[in-house]
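See below for the structure under consideration.
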Amino acid sequence: MRLPEARGDLSAAVIEALMSGRFEVARLPEVTDPLADEDLQLALAVCYELHYSGFDGVDDRWEWHPGLLALRGEIEYVFETALRQLTGPQPAVGAAEIPAALTALTAEQDGPSLARYIQSNATIEQFREFVVHRSLYQLKEADPHTFAIPRLTGRAKAALIEIQIDEYGSGRLARMHAELFRTTMGCLGLNTAYGAYLDRLPAVTLAVTNMLSMFALHRRLRGALVGQLAAFEMSSSLPNSRYGNGLRRLGGDEHATLFYDEHVEADAVHEQIAAHDMCGSLVAEHPELAADVLFGAAASEALGGRASAHLLDSWAAGRSSLREVSGQGRPAQTDQLAGVAS
Amino acid sequence: MTDQHRPAATITPYEDGPLLLRGDFEIVTPDGERIEPGRPTVALCRCGRSRVKPFCDGTHKLIDFHAPAGRQNSRLDPETD
Ligand code: FES
Ligand SMILES: [Fe+2]
Ligand SMILES: [Fe+2]
């Protein structure tokens with residue numbers, strides 16, 4: 001994928017380093033809300049993408065550049081601190097209570113819901129925006145959680161594998177969930193290249209994938225990673241049936257809606273395995289990870305909620321929920337959205 | 001028990017949720033028509049309210065469904081008479 005446009009001094013320093021090959025130590029700016037700071041979240045997203053697909057024309061060795069990793073560590077400290085403040089302290093419950101605690105954290109809330117809005121009210125343009133927001137994660141769906149495999153043992157590991165086998169379509173490309181999402185994007189006339197819309201994603205959206213990557217790349221945070229996965233699985237079946245219904249209402253055929261329809265049934269399976277067999281077993285073996293399992297789930301719900309609220313608020317105000325691309329200095333690569341006929 | 005003596009398939013009730021079916025199984029209608037499971041492990045609805053029966057779609061969470069992970073034993077419960 002291509003390097004994005006900078007959104008401030010910090011992201012500019014990171015992107016400059018990757019382009020020029022010379023790293024100059026950057027200072028972390030004071031930020032009021034790290035979870036919604038465009039500059040900080042983009043800088044972090046760029047650091048993390050080096051661990052997945054990398055960037056066109058950028059030396060792959062930047063992935064382990066000590067100076068860049070030190071800077072990333074400073075950003076992560078700020079990010080993790082803000083996440084823990086947002087979610088508050090979590091109780092160190094016993095293994096037997098983990099599934100119920102996860103269920104409580106992920107229960108459907110009353111009040112405005114993105115899934116209900118999309119089911120009944122969203123326009124095709126709004127549905128496309130929703131898909132664009134999700135694309136940075138869904139086109140690499142399940143990959144962050146694969147980092148947990150070598151860090152788990154026993155029943156928790158077996159449970160994660162049972163989930164991942166399904167996420168990766170039992171090894172059949174056409175059934176891989178990321179590929180189903182690619183098909184949905186294609187049906188909507190969107191650019192299916194990984195990272196094509198990075199410039200258009202606001203910080204609140206980047207924060208969700210950055211959270212996954214932070215949990216994934218630190219063994220210390222493996223409890224949070226599996227708790228986060230459990231939260232994804234446990235708040236998936238019902239919303240996905242609404243997203244699928246919304247897309248059908250807008251004229252999507254069975255290929256377009258397959259990603260959502262598949263997740264209704266798949267995640268009804270995964271949520272049981274995730275809560276009981278994966279998180280429950282992990283905490284039975286490592287009681288000291290209980291609070292982090294719940295932290296991961298709470299953080300996932302909180303950031304997911306903030307991202308969803310951004311979409312609903314933007315649309316209520318008659319605005320796009322995506323960032324404008326200035327196009328300055330860099331040819332606009334991501335403007336397909338505007339060009340698609342409804 | 002060695003692997004050779006393992007049953008081909010297992011059914012596991014999950015507390016307040018579906019039955020997970022794993023292993024070498026086939027789901028068929030009374031007429032013998034195959035219902036595609038779509039995945040190696042499936043969740044069978046036991047709350048009665050799924051919209052994709054026989055599979056679970058998570059609806060059990062909206063209806064305060066309760067059932068134990070083990071065997072229920074309320075046959076002598078006067079409330080049910
Ligand atoms: S058991 Fe899940 S919907 Fe019935
Ligand atoms: Fe999935
Ligand atoms: Fe899943």
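Naming works like this for the structure tokens: A, B, ... for the chains as they're shown, residue 1 at the start of each chain, ligands 1 onward in shown order.
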
Leaving out Gln126 (chain A) and any residue of its chain fewer than 3 positions from it, which residues lie within 9 Å of it when counting only C-alpha atoms, given as JSON, numbers by chain?
-> {"A": [118, 122, 123, 129, 130, 131, 311, 315, 320, 321]}

Could you write those residues out with N, CA, C and O atoms, as a short mmCIF file (atom, residue, chain, number, x, y, z; two decimals), in the first residue's frame?
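result_19.cif, written as the output of this step:
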```cif
data_model
loop_
_atom_site.label_atom_id
_atom_site.label_comp_id
_atom_site.auth_asym_id
_atom_site.auth_seq_id
_atom_site.Cartn_x
_atom_site.Cartn_y
_atom_site.Cartn_z
N ILE A 118 -28.38 1.32 10.07
CA ILE A 118 -28.00 0.77 8.76
C ILE A 118 -29.07 -0.16 8.24
O ILE A 118 -29.39 -0.16 7.05
N ALA A 122 -30.01 3.75 6.40
CA ALA A 122 -28.81 4.21 5.70
C ALA A 122 -29.04 4.29 4.19
O ALA A 122 -29.74 3.45 3.62
N THR A 123 -28.45 5.30 3.57
CA THR A 123 -28.44 5.37 2.11
C THR A 123 -27.30 4.49 1.61
O THR A 123 -26.44 4.06 2.38
N GLU A 129 -19.72 4.17 3.02
CA GLU A 129 -18.82 4.77 4.01
C GLU A 129 -18.57 3.80 5.16
O GLU A 129 -17.43 3.63 5.62
N PHE A 130 -19.64 3.16 5.62
CA PHE A 130 -19.53 2.19 6.71
C PHE A 130 -18.53 1.10 6.33
O PHE A 130 -17.65 0.72 7.11
N VAL A 131 -18.63 0.60 5.10
CA VAL A 131 -17.74 -0.46 4.64
C VAL A 131 -16.30 0.05 4.54
O VAL A 131 -15.35 -0.66 4.90
N LEU A 311 -19.91 7.89 13.07
CA LEU A 311 -20.67 7.72 11.83
C LEU A 311 -22.07 8.30 11.98
O LEU A 311 -22.52 9.09 11.14
N TRP A 315 -23.57 11.64 10.00
CA TRP A 315 -24.72 11.51 9.11
C TRP A 315 -25.89 12.36 9.59
O TRP A 315 -26.60 12.97 8.79
N SER A 320 -20.33 13.75 5.48
CA SER A 320 -19.65 12.46 5.31
C SER A 320 -18.89 12.14 6.59
O SER A 320 -18.40 13.03 7.28
N SER A 321 -18.79 10.85 6.91
CA SER A 321 -18.04 10.44 8.10
C SER A 321 -16.57 10.20 7.76
O SER A 321 -15.77 9.87 8.64
#
```

Compute the set of chain B residues within 7 Å of chain A, using only C-alpha atoms, and express it as number ranges by chain.
-> B: 14, 39, 42-43, 55-58

DSSP alpha helix (DSSP H) residues within region 13-167 of chain A, as an NGL selection string = :A and (13-20 or 38-49 or 66-87 or 98-106 or 114-120 or 124-138 or 143-146 or 154-167)

One residue among A:Ala92, A:Ala13, A:Leu105, A:Ala142 is nearest to ligand 3 when using only C-alpha atoms and all ligand atoms, and that residue is A:Ala142

Looking only at strand (DSSP E) from DSSP on the backbone, list the matching residues of region 5-79 of chain B as an MDAnalysis selection string.
-> chainID B and resid 9:13 19:23 42:44

Prev. selection, N, CA, C and O atoms, output as a short mmCIF file (atom, residue, chain, number, x, y, z; two decimals), in the first residue's frame:
```cif
data_model
loop_
_atom_site.label_atom_id
_atom_site.label_comp_id
_atom_site.auth_asym_id
_atom_site.auth_seq_id
_atom_site.Cartn_x
_atom_site.Cartn_y
_atom_site.Cartn_z
N ALA B 9 -18.48 -37.77 16.60
CA ALA B 9 -18.95 -36.40 16.77
C ALA B 9 -19.33 -36.18 18.23
O ALA B 9 -19.67 -37.13 18.95
N THR B 10 -19.26 -34.93 18.68
CA THR B 10 -19.69 -34.60 20.05
C THR B 10 -20.65 -33.41 19.99
O THR B 10 -20.56 -32.57 19.09
N ILE B 11 -21.54 -33.37 20.98
CA ILE B 11 -22.45 -32.23 21.14
C ILE B 11 -22.20 -31.66 22.53
O ILE B 11 -22.22 -32.38 23.51
N THR B 12 -21.93 -30.36 22.58
CA THR B 12 -21.63 -29.71 23.85
C THR B 12 -22.63 -28.59 24.11
O THR B 12 -22.69 -27.62 23.34
N PRO B 13 -23.42 -28.70 25.20
CA PRO B 13 -24.29 -27.57 25.56
C PRO B 13 -23.45 -26.46 26.19
O PRO B 13 -22.62 -26.72 27.05
N LEU B 19 -26.12 -25.47 21.37
CA LEU B 19 -25.37 -26.73 21.43
C LEU B 19 -24.32 -26.68 20.33
O LEU B 19 -24.66 -26.44 19.16
N LEU B 20 -23.06 -26.88 20.69
CA LEU B 20 -22.02 -26.91 19.66
C LEU B 20 -21.78 -28.35 19.21
O LEU B 20 -21.57 -29.24 20.04
N LEU B 21 -21.82 -28.51 17.91
CA LEU B 21 -21.69 -29.84 17.30
C LEU B 21 -20.36 -29.88 16.56
O LEU B 21 -20.09 -29.04 15.70
N ARG B 22 -19.51 -30.85 16.97
CA ARG B 22 -18.17 -30.95 16.39
C ARG B 22 -17.91 -32.36 15.90
O ARG B 22 -18.45 -33.31 16.46
N GLY B 23 -17.05 -32.46 14.93
CA GLY B 23 -16.58 -33.78 14.50
C GLY B 23 -17.14 -34.16 13.15
O GLY B 23 -17.40 -33.32 12.29
N VAL B 42 -20.58 -26.30 14.31
CA VAL B 42 -21.79 -25.49 14.19
C VAL B 42 -22.46 -25.32 15.55
O VAL B 42 -22.24 -26.11 16.47
N ALA B 43 -23.27 -24.28 15.66
CA ALA B 43 -24.05 -24.04 16.88
C ALA B 43 -25.52 -24.30 16.54
O ALA B 43 -26.08 -23.67 15.64
N LEU B 44 -26.12 -25.25 17.25
CA LEU B 44 -27.53 -25.58 17.04
C LEU B 44 -28.37 -24.82 18.06
O LEU B 44 -28.09 -24.84 19.26
#
```

What separates CA of Glu49 (chain A) and CA of Pro66 (chain A) is a distance of 16.1 Å

What does the distance from CA of Leu160 (chain A) to CA of Thr146 (chain A) come to in Å, to one decimal?
-> 8.4 Å

Counting only C-alpha atoms and all ligand atoms, what residues are within 6 Å of ligand 1, given as a PyMOL selection string?
-> chain B and resi 17-18+45-50+56-60

Grab the CA of Ala82 (chain A) to CA of His310 (chain A) distance for me, in Å with one decimal place.
-> 18.4 Å
